[in-house]
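Student: Once you've had a glance at the structure underneath, I'll fire off some questions.
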Amino acid sequence: MLKITDTYNLKDIYDFQLSFKTPYFFDVDFEDWKKSFEEDTDGEGRKLFKELFVKAVYDNGILAGFVQYGKTAFGFNDNGEISSDISYPIIRNLYFREDRADAGKLLLSEAMKNLGTDKQVYAFFHYFGMTCFARHGKLFENHAHIDALLKEQGFEIEHENVYYSFILTESKNSEVTLTAGGLTKGNHQYIEFGIDGNQVGGCEVHYLSDTTAYLRWIYVNGDIVGKGIGTKCMNALKTFLYENSITRFDTDTALDNTVAQHYYEKNGFTREGITRSYFKIN
């Protein structure tokens, strides 16, 4: 008989989570993963959760699934600004074997027992994902059994994103110059693009490791959109990253943002699949 426990081997959870093949589950060692799993911060070094719990289910000594849930240390007000007066109840991670839906139900029930007093509960909230996985908190589409359980238990899809990846292999000349700021506490870097001394756009890059980076956002000034400047900026950014030992460059965008999707695909990014966040109103 399956039983939920808060006595578990953290290495079991590390191996179990990485076994779920997902494009944003990068090759991180146990210590980096553990820090991200237990004591995570955002791009400015702010602690993500004020409380975080883990429960596991074992079947004859073999891990069948785990859930991680808690309350965030901050949220976003109506203007999109970070506020410590706002906190979200979130199921951050929920993974279980495809053939053990019973384990998934036990884990989700346990999380909701502790979070269900809130009016709205989130699952796989994008911003509060694990730093070592680019803080991409959404659930990847190939984990259909997890998606099915969430929907069965009353969760609805909140947002859908398209995930992209690019392998850097060379430098390219560009008329665009880059002005790179210093690294934040969370290994983020703000970069401005310039042509002939004039700023034409900017971006934010999150460095996940010595060889992997994640594009948080990129833009060019509105008055020059459609003139090929965006592609020149992207080429300059790729060159900058490659010359700084980055070989893998990932990003994502909203499923309904077809303009951004066209931009990434035009610039050689591979479409890896769809990721989803969820919510449930109690």
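Convention: chains lettered A, B, ... in structure tokens order; per-chain residue numbering from 1; ligands numbered from 1 as shown.
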Near Leu2 (chain A), counting only C-alpha atoms, which residues have an atom at most 7 Å away, once you skip same-chain residues fewer than 3 positions from it, shown as a list in words?
Tutor: Val57, Tyr58 and Asp59 of chain A
Student: List the spatial neighbours of region 265-280 of chain A as number ranges by chain - criterion: any atom at most 10 Å away, only C-alpha atoms, same-chain residues fewer than 6 positions off excluded.
Tutor: A: 22-24, 90-91, 116, 118-126, 136-143, 147, 150-151, 153-167, 230-232, 234-235, 249-255
Student: Going by DSSP on the backbone, which bits of region 8-256 of chain A are strand (DSSP E)? Write them as a ChimeraX atom specification, please.
Tutor: /A:49-59,62-72,75-76,82-83,89-96,120-123,139-140,156-167,177-180,188-195,198-207,212-220,248-254
Student: Which region 109-221 of chain A residues have any atom within 9 Å of an atom of region 36-41 of chain A, and for each, what is the nearest pair of atoms with distance in Å to one decimal, counting only C-alpha atoms, rows sorted by chain and number, as a Markdown table?
Tutor:
| residue | atom | partner | partner_atom | distance |
| --- | --- | --- | --- | --- |
| A:Phe128 | CA | A:Asp40 | CA | 8.8 |
| A:Gly129 | CA | A:Asp40 | CA | 9.0 |
| A:Met130 | CA | A:Ser36 | CA | 5.7 |
| A:Thr131 | CA | A:Ser36 | CA | 5.7 |
| A:Cys132 | CA | A:Ser36 | CA | 6.1 |
| A:Phe133 | CA | A:Ser36 | CA | 8.8 |
| A:Lys185 | CA | A:Thr41 | CA | 8.8 |
| A:Gly186 | CA | A:Thr41 | CA | 6.9 |
Student: Generate the output file for the selected residues, C-alpha atoms, as an mmCIF file, in the first residue's frame.
Tutor:
data_model
loop_
_atom_site.group_PDB
_atom_site.id
_atom_site.type_symbol
_atom_site.label_atom_id
_atom_site.label_comp_id
_atom_site.auth_asym_id
_atom_site.auth_seq_id
_atom_site.Cartn_x
_atom_site.Cartn_y
_atom_site.Cartn_z
ATOM 1 C CA PHE A 128 8.797 30.381 -9.438
ATOM 2 C CA GLY A 129 10.390 27.460 -11.235
ATOM 3 C CA MET A 130 13.839 26.187 -10.287
ATOM 4 C CA THR A 131 16.765 28.473 -11.079
ATOM 5 C CA CYS A 132 18.937 25.625 -12.370
ATOM 6 C CA PHE A 133 16.187 24.959 -14.942
ATOM 7 C CA LYS A 185 23.052 38.102 -7.607
ATOM 8 C CA GLY A 186 20.983 35.638 -9.621
#
Student: How many Å lie between CA of His188 (chain A) and CA of Lys47 (chain A), rounded to one decimal?
Tutor: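 CA of Lys47 (chain A) lies 15.1 Å from CA of His188 (chain A).
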Student: Please compute the CA of Asp196 (chain A)-CA of Arg248 (chain A) distance, one decimal, in Å.
Tutor: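 That distance, rounded to one decimal, is 29.3 Å.
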Student: Out of A:Ala73, A:Ile146, A:Leu52, A:Val205, which residue has the shortest atom-to-atom distance to Leu94 (chain A) when counting only C-alpha atoms?
Tutor: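 Counting only C-alpha atoms, the residue closest to Leu94 (chain A) is A:Ile146.
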Student: So which residues touch Phe193 (chain A) within 12 Å, counting only C-alpha atoms, skipping near sequence neighbours fewer than 4 positions away, as a VMD selection string?
Tutor: chain A and resid 174 to 181 197 to 204 218 to 221 229 to 237 240
Student: I'd like to know which of A:Ala134, A:Lys34, A:Glu51, A:Arg100 is closest to Asp12 (chain A), using only C-alpha atoms.
Tutor: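 Once distances to Asp12 (chain A) are computed over only C-alpha atoms, the minimum belongs to A:Lys34.
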Student: Between CA of Glu44 (chain A) and CA of Glu31 (chain A), what is the distance in Å, rounded to a tenth?
Tutor: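 Between CA of Glu44 (chain A) and CA of Glu31 (chain A) the gap works out to 20.9 Å.
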Student: With only C-alpha atoms as the atoms that count, which of A:Tyr95, A:Thr7, A:Met112, A:Ser87 lies nearest to Lys21 (chain A)?
Tutor: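 The answer is A:Tyr95, which sits nearest to Lys21 (chain A).
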